[in-house]
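Colleague: Okay, handing you the structure first.
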Amino acid sequence: MKISTKGRYGLRALIDLAINIDSENVSIKAISERQDISERYLEQIFSLLRKAGIIIGRKGAQGGYSFGKEIHDLTILEILKVLEGDNIFIDINDKDENELEDLKVRKRKEVAQKIKEAREQGDLSENAE
């Protein structure tokens with residue numbers, strides 16, 4: 001599967017949001033600066049993510065973005081469907097459902113391990129679950 005720039009930037013922005021979120025909301029400007037992505041482009045991406053309920057936007061001095069769903073419930077496929085549309089083709093190379101489920105479980109464990117390591121290094125707040 002080939003992922004567009006919108007999909008890649010959207011995933012990068014959400015990972016940045018997860019890593020940098022605490023009790024405060026995270027601004028698009030801060031994500032833009034850290035990820036070197038145009039603010040205007042992020043606004044377009046975040047508009048789609050907000051409409052899908054993946055993130056919540058708040059206006060005002062303490063404004064910014066936070067997650068509208070539990071982070072551990074989000075999947076890359078769900079995010080990409082929002083950003084890329086429903087025309088995502090995945091070549092499963094004749095793998096059966098059990099193999100695919102095993103792959104999903106392994107990948108979730110890998111992500112959980114990465115989050116744990118980031119927390120241990122102080123790169124991820126406890127509220128980012």
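So you can find residues: chains in the structure tokens are A, B, ... in the order shown, residues in each start at 1, and ligands are numbered from 1 in order.
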Counting only C-alpha atoms, give me one row per residue of range 29-124 of chain A with an atom at most 9 Å from an atom of range 19-24 of chain A, showing the shortest contact pair and its distance in Å to one decimal, sorted by chain then residue number, as a tab-separated table.
Modeller:
residue	atom	partner	partner_atom	distance
A:Ile31	CA	A:Asn20	CA	8.9
A:Gln62	CA	A:Glu24	CA	7.4
A:Gly63	CA	A:Glu24	CA	8.3
A:Gly64	CA	A:Glu24	CA	8.1
A:Tyr65	CA	A:Glu24	CA	8.7
A:Ser66	CA	A:Ile21	CA	7.1
A:Ile115	CA	A:Ile19	CA	8.6
A:Ala118	CA	A:Ile19	CA	8.3
A:Asp123	CA	A:Ile19	CA	6.7
A:Leu124	CA	A:Ile19	CA	4.8
Colleague: Which parts of range 51-84 of chain A does DSSP call strand (DSSP E or B) when run on the backbone here, written out as a ChimeraX atom specification?
Modeller: /A:55-58,64-67
Colleague: Need to verify the contact set: range 43-56 of chain A, 10 Å, only C-alpha atoms, exclusion of same-chain residues closer than 2 positions in sequence. Can you return it as a PDB file with C-alpha atoms, in the first residue's frame?
Modeller:
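Listed below is the output, around12.pdb:
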ATOM      1  CA  LYS A   6      -1.449  13.597   3.691  1.00  0.00           C
ATOM      2  CA  GLY A   7      -1.508  10.164   5.316  1.00  0.00           C
ATOM      3  CA  TYR A   9       1.909  13.810   7.729  1.00  0.00           C
ATOM      4  CA  GLY A  10      -1.333  12.985   9.529  1.00  0.00           C
ATOM      5  CA  LEU A  11       0.249   9.974  11.232  1.00  0.00           C
ATOM      6  CA  ALA A  13       1.157  14.790  13.589  1.00  0.00           C
ATOM      7  CA  LEU A  14      -0.918  12.361  15.669  1.00  0.00           C
ATOM      8  CA  LEU A  17       0.247  14.952  19.607  1.00  0.00           C
ATOM      9  CA  ASN A  25      -4.015  20.987  24.470  1.00  0.00           C
ATOM     10  CA  ILE A  28      -1.048  23.097  15.381  1.00  0.00           C
ATOM     11  CA  LYS A  29       1.733  25.670  15.406  1.00  0.00           C
ATOM     12  CA  SER A  32       4.078  22.244  12.694  1.00  0.00           C
ATOM     13  CA  SER A  38       3.081  23.537   6.914  1.00  0.00           C
ATOM     14  CA  GLU A  39       0.534  24.890   9.413  1.00  0.00           C
ATOM     15  CA  ARG A  40      -2.025  25.316   6.638  1.00  0.00           C
ATOM     16  CA  TYR A  41      -1.599  21.721   5.525  1.00  0.00           C
ATOM     17  CA  ARG A  58     -10.563  23.838  21.377  1.00  0.00           C
ATOM     18  CA  GLY A  64      -5.327  23.425  20.706  1.00  0.00           C
ATOM     19  CA  TYR A  65      -5.989  19.774  20.052  1.00  0.00           C
ATOM     20  CA  SER A  66      -6.413  16.641  22.087  1.00  0.00           C
ATOM     21  CA  PHE A  67      -7.681  13.163  21.266  1.00  0.00           C
ATOM     22  CA  GLY A  68     -11.393  12.564  20.877  1.00  0.00           C
ATOM     23  CA  LYS A  69     -10.890   8.835  21.250  1.00  0.00           C
ATOM     24  CA  GLU A  70      -8.742   6.744  23.520  1.00  0.00           C
ATOM     25  CA  ILE A  71      -5.299   6.501  21.923  1.00  0.00           C
ATOM     26  CA  LEU A  74      -7.097   4.053  17.415  1.00  0.00           C
ATOM     27  CA  GLU A  78      -8.828   3.952  10.874  1.00  0.00           C
ATOM     28  CA  ILE A  79      -6.681   7.085  10.635  1.00  0.00           C
ATOM     29  CA  LEU A  80      -5.665   6.369   7.044  1.00  0.00           C
ATOM     30  CA  VAL A  82     -10.135   9.200   7.262  1.00  0.00           C
ATOM     31  CA  LEU A  83      -7.182  10.818   5.505  1.00  0.00           C
TER      32      LEU A  83
END
Colleague: Which one is closest to Asp16 in chain A: A:Gly60, A:Thr75, A:Glu33, A:Ala112? Count only C-alpha atoms.
Modeller: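 Once distances to Asp16 in chain A are computed over only C-alpha atoms, the minimum belongs to A:Glu33.
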Colleague: If you run DSSP over the backbone, which residues in chain A end up alpha helix (DSSP H)? Put them as JSON, numbers by chain.
Modeller: {"A": [5, 6, 7, 8, 9, 10, 11, 12, 13, 14, 15, 16, 17, 18, 19, 20, 28, 29, 30, 31, 32, 33, 34, 35, 39, 40, 41, 42, 43, 44, 45, 46, 47, 48, 49, 50, 51, 76, 77, 78, 79, 80, 81, 82, 83, 84, 97, 98, 99, 100, 101, 102, 103, 104, 105, 106, 107, 108, 109, 110, 111, 112, 113, 114, 115, 116, 117, 118, 119, 120]}
